[in-house]
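Coordinates as given in start.cif (mmCIF, C-alpha atoms):
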data_target
#
loop_
_atom_site.label_atom_id
_atom_site.label_comp_id
_atom_site.auth_asym_id
_atom_site.auth_seq_id
_atom_site.Cartn_x
_atom_site.Cartn_y
_atom_site.Cartn_z
CA MET P 263 0.00 0.00 0.00
CA HIS P 264 1.30 3.39 -0.97
CA MET P 265 2.13 5.90 1.76
CA LYS P 266 0.35 8.79 -0.01
CA LYS P 267 -2.95 6.92 -0.06
CA LEU P 268 -2.59 6.07 3.61
CA GLU P 269 -1.76 9.64 4.57
CA LEU P 270 -4.78 10.92 2.63
CA ALA P 271 -7.07 8.44 4.36
CA LEU P 272 -5.85 9.58 7.77
CA LEU P 273 -6.72 13.20 6.99
CA LEU P 274 -10.38 12.44 6.31
CA PRO P 275 -12.87 13.48 9.05
CA ILE P 276 -13.67 10.41 11.10
CA ASN P 277 -16.10 9.77 13.94
CA LEU P 278 -13.72 8.43 16.57
CA MET P 279 -14.22 4.91 17.82
CA GLU P 280 -17.29 4.91 19.96
CA LYS P 281 -18.44 1.67 18.40
CA SER P 282 -21.98 0.44 18.95
CA PHE P 283 -22.89 -2.15 21.57
CA GLY P 284 -23.88 -4.49 18.74
CA TYR P 285 -20.48 -4.25 17.06
CA ASN P 286 -18.58 -4.85 20.31
CA PHE P 287 -20.88 -7.74 21.28
CA ILE P 288 -20.53 -9.53 17.93
CA LYS P 289 -16.77 -8.93 17.89
CA ARG P 290 -16.42 -10.46 21.36
CA ILE P 291 -18.47 -13.50 20.35
CA MET P 292 -16.21 -13.89 17.31
CA ASP P 293 -13.13 -13.60 19.53
CA ILE P 294 -14.29 -16.28 21.96
CA THR P 295 -15.62 -18.66 19.29
CA GLY P 296 -12.60 -18.22 17.02
CA SER P 297 -10.10 -18.61 19.84
CA LEU P 298 -11.73 -21.77 21.19
CA LEU P 299 -11.84 -23.26 17.68
CA LEU P 300 -8.19 -22.38 17.11
CA LEU P 301 -7.27 -23.88 20.48
CA ILE P 302 -9.08 -27.13 19.69
CA LEU P 303 -7.43 -27.41 16.27
CA SER P 304 -3.94 -26.54 17.49
CA TRP P 305 -3.75 -28.41 20.80
CA PRO P 306 -1.12 -30.90 19.54
CA LEU P 307 1.17 -27.94 18.86
CA PHE P 308 1.01 -26.99 22.54
CA ILE P 309 2.70 -30.34 23.22
CA ILE P 310 5.15 -30.47 20.30
CA ILE P 311 6.40 -26.85 20.32
CA PRO P 312 7.43 -26.76 24.03
CA ILE P 313 9.44 -29.96 23.50
CA LEU P 314 11.25 -28.44 20.50
CA ILE P 315 11.96 -25.24 22.44
CA LYS P 316 13.48 -27.12 25.38
CA ILE P 317 15.58 -29.36 23.12
CA ASP P 318 16.91 -26.38 21.17
CA SER P 319 17.91 -24.04 24.01
CA LYS P 320 17.84 -23.47 27.74
CA GLY P 321 15.19 -21.22 29.22
CA PRO P 322 11.43 -20.99 29.72
CA ILE P 323 8.90 -22.22 27.18
CA PHE P 324 6.96 -18.98 27.12
CA PHE P 325 8.03 -15.39 26.61
CA ILE P 326 5.89 -12.99 28.64
CA GLN P 327 6.08 -9.25 28.05
CA LYS P 328 4.05 -6.25 29.16
CA ARG P 329 2.07 -4.60 26.34
CA LEU P 330 -0.42 -1.77 26.06
CA GLY P 331 -4.09 -2.64 25.76
CA LEU P 332 -7.45 -0.91 25.60
CA LYS P 333 -7.48 2.53 27.29
CA GLY P 334 -3.79 2.16 28.14
CA ASN P 335 -4.26 -0.84 30.41
CA ILE P 336 -1.11 -2.91 30.66
CA PHE P 337 -1.30 -6.70 30.28
CA ASN P 338 1.12 -9.58 29.81
CA THR P 339 1.28 -11.03 26.31
CA ILE P 340 2.15 -14.69 26.06
CA LYS P 341 4.24 -16.10 23.24
CA PHE P 342 6.28 -19.22 22.68
CA ARG P 343 9.90 -18.25 23.32
CA SER P 344 11.72 -17.81 20.03
CA MET P 345 14.95 -16.28 21.37
CA VAL P 346 17.76 -17.33 23.65
CA ALA P 347 17.21 -16.88 27.37
CA LYS P 348 17.73 -13.31 28.66
CA ALA P 349 17.57 -11.99 25.09
CA GLU P 350 16.66 -8.48 26.28
CA ASP P 351 19.80 -8.32 28.44
CA LEU P 352 21.90 -9.43 25.46
CA LEU P 353 20.44 -6.64 23.34
CA LYS P 354 21.45 -4.01 25.89
CA THR P 355 25.10 -5.04 25.63
CA GLU P 356 25.19 -4.59 21.84
CA LYS P 357 25.01 -0.86 21.06
CA GLU P 358 24.55 -1.18 17.29
CA LEU P 359 21.83 -3.79 17.66
CA MET P 360 20.04 -1.64 20.24
CA GLU P 361 20.12 1.40 17.93
CA GLU P 362 18.66 -0.66 15.07
CA TYR P 363 16.03 -2.16 17.37
CA LEU P 364 14.83 1.21 18.66
CA LYS P 365 14.13 2.42 15.11
CA CYS P 366 11.32 -0.05 14.49
CA TYR P 367 11.42 -2.48 17.45
CA LYS P 368 12.54 -5.24 15.13
CA LEU P 369 15.90 -6.51 13.90
CA ALA P 370 16.36 -7.49 10.27
CA GLU P 371 18.74 -10.29 11.27
CA ASP P 372 18.28 -10.93 14.96
CA PRO P 373 21.17 -13.05 16.33
CA ARG P 374 19.14 -13.87 19.44
CA ILE P 375 16.62 -16.04 17.58
CA THR P 376 17.04 -19.79 18.07
CA ARG P 377 16.70 -22.41 15.32
CA THR P 378 13.29 -23.41 16.60
CA GLY P 379 12.47 -19.75 17.09
CA TYR P 380 13.19 -19.00 13.44
CA PHE P 381 10.64 -21.61 12.39
CA LEU P 382 8.10 -20.35 14.93
CA ARG P 383 8.41 -16.79 13.70
CA LYS P 384 8.36 -17.73 10.03
CA SER P 385 5.13 -19.64 10.60
CA SER P 386 3.78 -17.14 13.20
CA LEU P 387 3.30 -20.08 15.60
CA ASP P 388 5.18 -18.16 18.31
CA GLU P 389 2.02 -16.06 18.72
CA LEU P 390 -0.30 -19.03 19.22
CA PRO P 391 -0.43 -18.69 23.06
CA GLN P 392 -2.00 -15.25 22.60
CA ILE P 393 -5.22 -17.23 22.23
CA PHE P 394 -5.32 -17.05 26.03
CA ASN P 395 -4.90 -13.26 25.94
CA ILE P 396 -7.96 -13.13 23.67
CA LEU P 397 -10.03 -15.41 25.90
CA ALA P 398 -9.06 -13.25 28.89
CA GLY P 399 -10.34 -10.17 27.05
CA HIS P 400 -6.99 -8.40 26.78
CA MET P 401 -6.80 -8.81 23.01
CA SER P 402 -9.01 -9.45 20.01
CA LEU P 403 -8.55 -11.73 17.02
CA VAL P 404 -8.24 -8.62 14.84
CA GLY P 405 -6.93 -5.23 15.87
CA PRO P 406 -3.84 -3.01 15.93
CA ARG P 407 -0.62 -4.79 16.79
CA PRO P 408 0.11 -4.94 20.54
CA ILE P 409 3.07 -2.70 21.35
CA VAL P 410 5.48 -2.35 24.26
CA ILE P 411 4.91 0.70 26.42
CA VAL P 412 7.78 2.82 25.08
CA GLU P 413 6.55 2.39 21.49
CA LEU P 414 3.50 4.54 22.17
CA GLU P 415 5.59 7.69 21.69
CA LYS P 416 6.01 6.77 18.03
CA TYR P 417 2.25 7.10 17.53
CA GLY P 418 2.40 10.84 18.26
CA LYS P 419 -0.99 12.51 17.70
CA TYR P 420 -2.58 9.10 17.13
CA LYS P 421 -1.93 7.86 20.70
CA ASP P 422 -5.51 8.21 21.93
CA GLU P 423 -6.91 6.55 18.83
CA PHE P 424 -4.51 3.64 19.18
CA LEU P 425 -5.60 3.08 22.78
CA SER P 426 -9.31 3.23 21.89
CA VAL P 427 -9.47 -0.44 20.81
CA LYS P 428 -8.03 -3.77 21.87
CA PRO P 429 -4.85 -4.92 20.15
CA GLY P 430 -5.20 -7.93 17.89
CA LEU P 431 -3.58 -11.26 17.16
CA THR P 432 -3.66 -10.17 13.54
CA GLY P 433 -4.51 -6.93 11.80
CA LEU P 434 -4.42 -4.78 8.71
CA TRP P 435 -0.64 -4.27 8.73
CA GLN P 436 0.02 -8.00 9.08
CA VAL P 437 -1.91 -8.72 5.87
CA SER P 438 -0.36 -5.75 4.08
CA GLY P 439 3.23 -6.95 4.16
CA ARG P 440 3.96 -7.91 7.79
CA ASN P 441 7.61 -7.18 8.58
CA SER P 442 8.42 -6.06 5.04
CA ILE P 443 6.73 -2.68 5.55
CA SER P 444 8.13 0.32 7.42
CA TYR P 445 7.24 1.28 10.98
CA GLU P 446 5.49 4.45 9.79
CA GLU P 447 3.34 2.41 7.42
CA ARG P 448 2.47 0.07 10.28
CA ILE P 449 1.24 2.98 12.37
CA GLN P 450 -0.85 4.38 9.55
CA LEU P 451 -2.35 0.97 8.80
CA ASP P 452 -3.21 0.54 12.49
CA ILE P 453 -4.99 3.91 12.55
CA LYS P 454 -6.72 3.19 9.24
CA TYR P 455 -8.09 -0.03 10.74
CA ILE P 456 -9.25 1.72 13.90
CA ARG P 457 -11.14 4.32 11.91
CA GLU P 458 -12.72 1.97 9.39
CA CYS P 459 -13.12 -1.31 11.29
CA SER P 460 -16.25 -3.42 10.93
CA ILE P 461 -17.22 -7.06 11.36
CA TRP P 462 -16.89 -7.59 7.60
CA MET P 463 -13.43 -6.00 7.61
CA ASP P 464 -12.39 -8.33 10.44
CA ILE P 465 -13.57 -11.37 8.47
CA VAL P 466 -11.62 -10.27 5.39
CA ILE P 467 -8.47 -9.72 7.49
CA LEU P 468 -8.81 -13.18 9.09
CA VAL P 469 -9.06 -14.81 5.65
CA LYS P 470 -6.06 -12.84 4.38
CA THR P 471 -4.13 -13.75 7.55
CA PHE P 472 -4.56 -17.44 6.78
CA TYR P 473 -3.04 -16.87 3.33
CA ALA P 474 -0.22 -14.68 4.73
CA VAL P 475 0.73 -17.32 7.33
CA ILE P 476 0.63 -20.18 4.81
CA SER P 477 2.75 -18.24 2.32
CA THR P 478 5.03 -16.78 5.09
CA ARG P 479 4.82 -13.53 3.11
CA GLY P 480 6.72 -10.75 4.90
CA ALA P 481 7.56 -12.95 7.89
CA CYS P 482 10.81 -12.36 9.74
#
Would you put the structure from the file into structure tokens?
Amino acid sequence: MHMKKLELALLLPINLMEKSFGYNFIKRIMDITGSLLLLILSWPLFIIIPILIKIDSKGPIFFIQKRLGLKGNIFNTIKFRSMVAKAEDLLKTEKELMEEYLKCYKLAEDPRITRTGYFLRKSSLDELPQIFNILAGHMSLVGPRPIVIVELEKYGKYKDEFLSVKPGLTGLWQVSGRNSISYEERIQLDIKYIRECSIWMDIVILVKTFYAVISTRGAC
């Protein structure tokens, strides 16, 4: 998606995010139903993946990190660990890596990722435990990407809009290029979703997510 089109869309007058009760109710039903279905279909992976993680490297099975949720509430996201133990401490000791990381909160070639972790990220299976975040009501199946607290500054004038909805397991930016797009484009796609979101849009994004995961398009 071209930046100029995104910028133009963000300048249009929008009625900010007081979604109807009906929309929120249907979205929550979709979140619960979809998450339970995904959990039922993927339960063997919750046995296989922890074994692979433990064989590959020392450390915990899950990676838990504080993220920003609806109205600025902080919650713990749960992922399968894809990096070496104490990866955040390792990053702090490498100045060049830290500088690159702070630009977009991603590393093009992250030396901390394990062999199993590379596969998990390529297939997006590292995010599977976020099903429990959705069931707990911290996240939605579809929404803006969950960010760490310090990232909020990058959203500038869009901060309040970003915090007006729950973050999602997938979203508009993930089906528009995933990690192959710039951080600024991610922000604008997040805000575009927030301003235009509907049940139909969520369904389309979920279908496109399936294709993006299968094709590993834009995955790190």
Nearest to Ser477 (chain P) among P:Val437, P:Ile315, P:Leu403, P:Leu303, with distances taken over all atoms listed in the file: which residue is it?
P:Val437
Using only C-alpha atoms, which protein or nucleic acid residues come within 12 Å of region 320-329 of chain P? Drop anything in the same chain fewer than 6 positions from it, and give the result as a ChimeraX atom specification.
/P:308-314,335-350,376,378-379,388-392,395,400-401,407-414,425,428-430
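Here the question is which of P:Leu397, P:Asp318, P:Lys419, P:Ile291 gets nearest to Phe381 (chain P) using only C-alpha atoms, and that residue is P:Asp318.
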Ser460 (chain P) environment, 12 Å, all atoms listed in the file, sequence neighbours closer than 4 positions dropped, as a ChimeraX atom specification:
/P:279,281-282,284-286,288-289,404-405,454-456,464-467
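Going from CA of Gly296 (chain P) to CA of Leu434 (chain P) covers 17.8 Å.
Ranking P:Glu458, P:Ser319, P:Met463, P:Leu332 by their shortest atom-to-atom distance to Arg374 (chain P), with only C-alpha atoms included, puts P:Ser319 first.
Here CA of Ile476 (chain P) is placed at a distance of 15.8 Å from CA of Leu431 (chain P).
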What residues come out when you apply the PyMOL selection byres ((chain P and resi 424) around 8) to this file, written as a count of residues only?
12
Expressed in Å to a single decimal, how great is the separation between CA of Ile396 (chain P) and CA of Trp305 (chain P)?
16.1 Å
Counting all atoms listed in the file, what is within 7 Å of Trp435 (chain P), bar same-chain residues fewer than 4 positions away, as a PyMOL selection string?
chain P and resi 439-440+448+451-452
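You can rank P:Ser444, P:Gly334, P:Lys316, P:Ile461 by their closest distance to Phe287 (chain P) using only C-alpha atoms, and at the top of that list sits P:Ile461.
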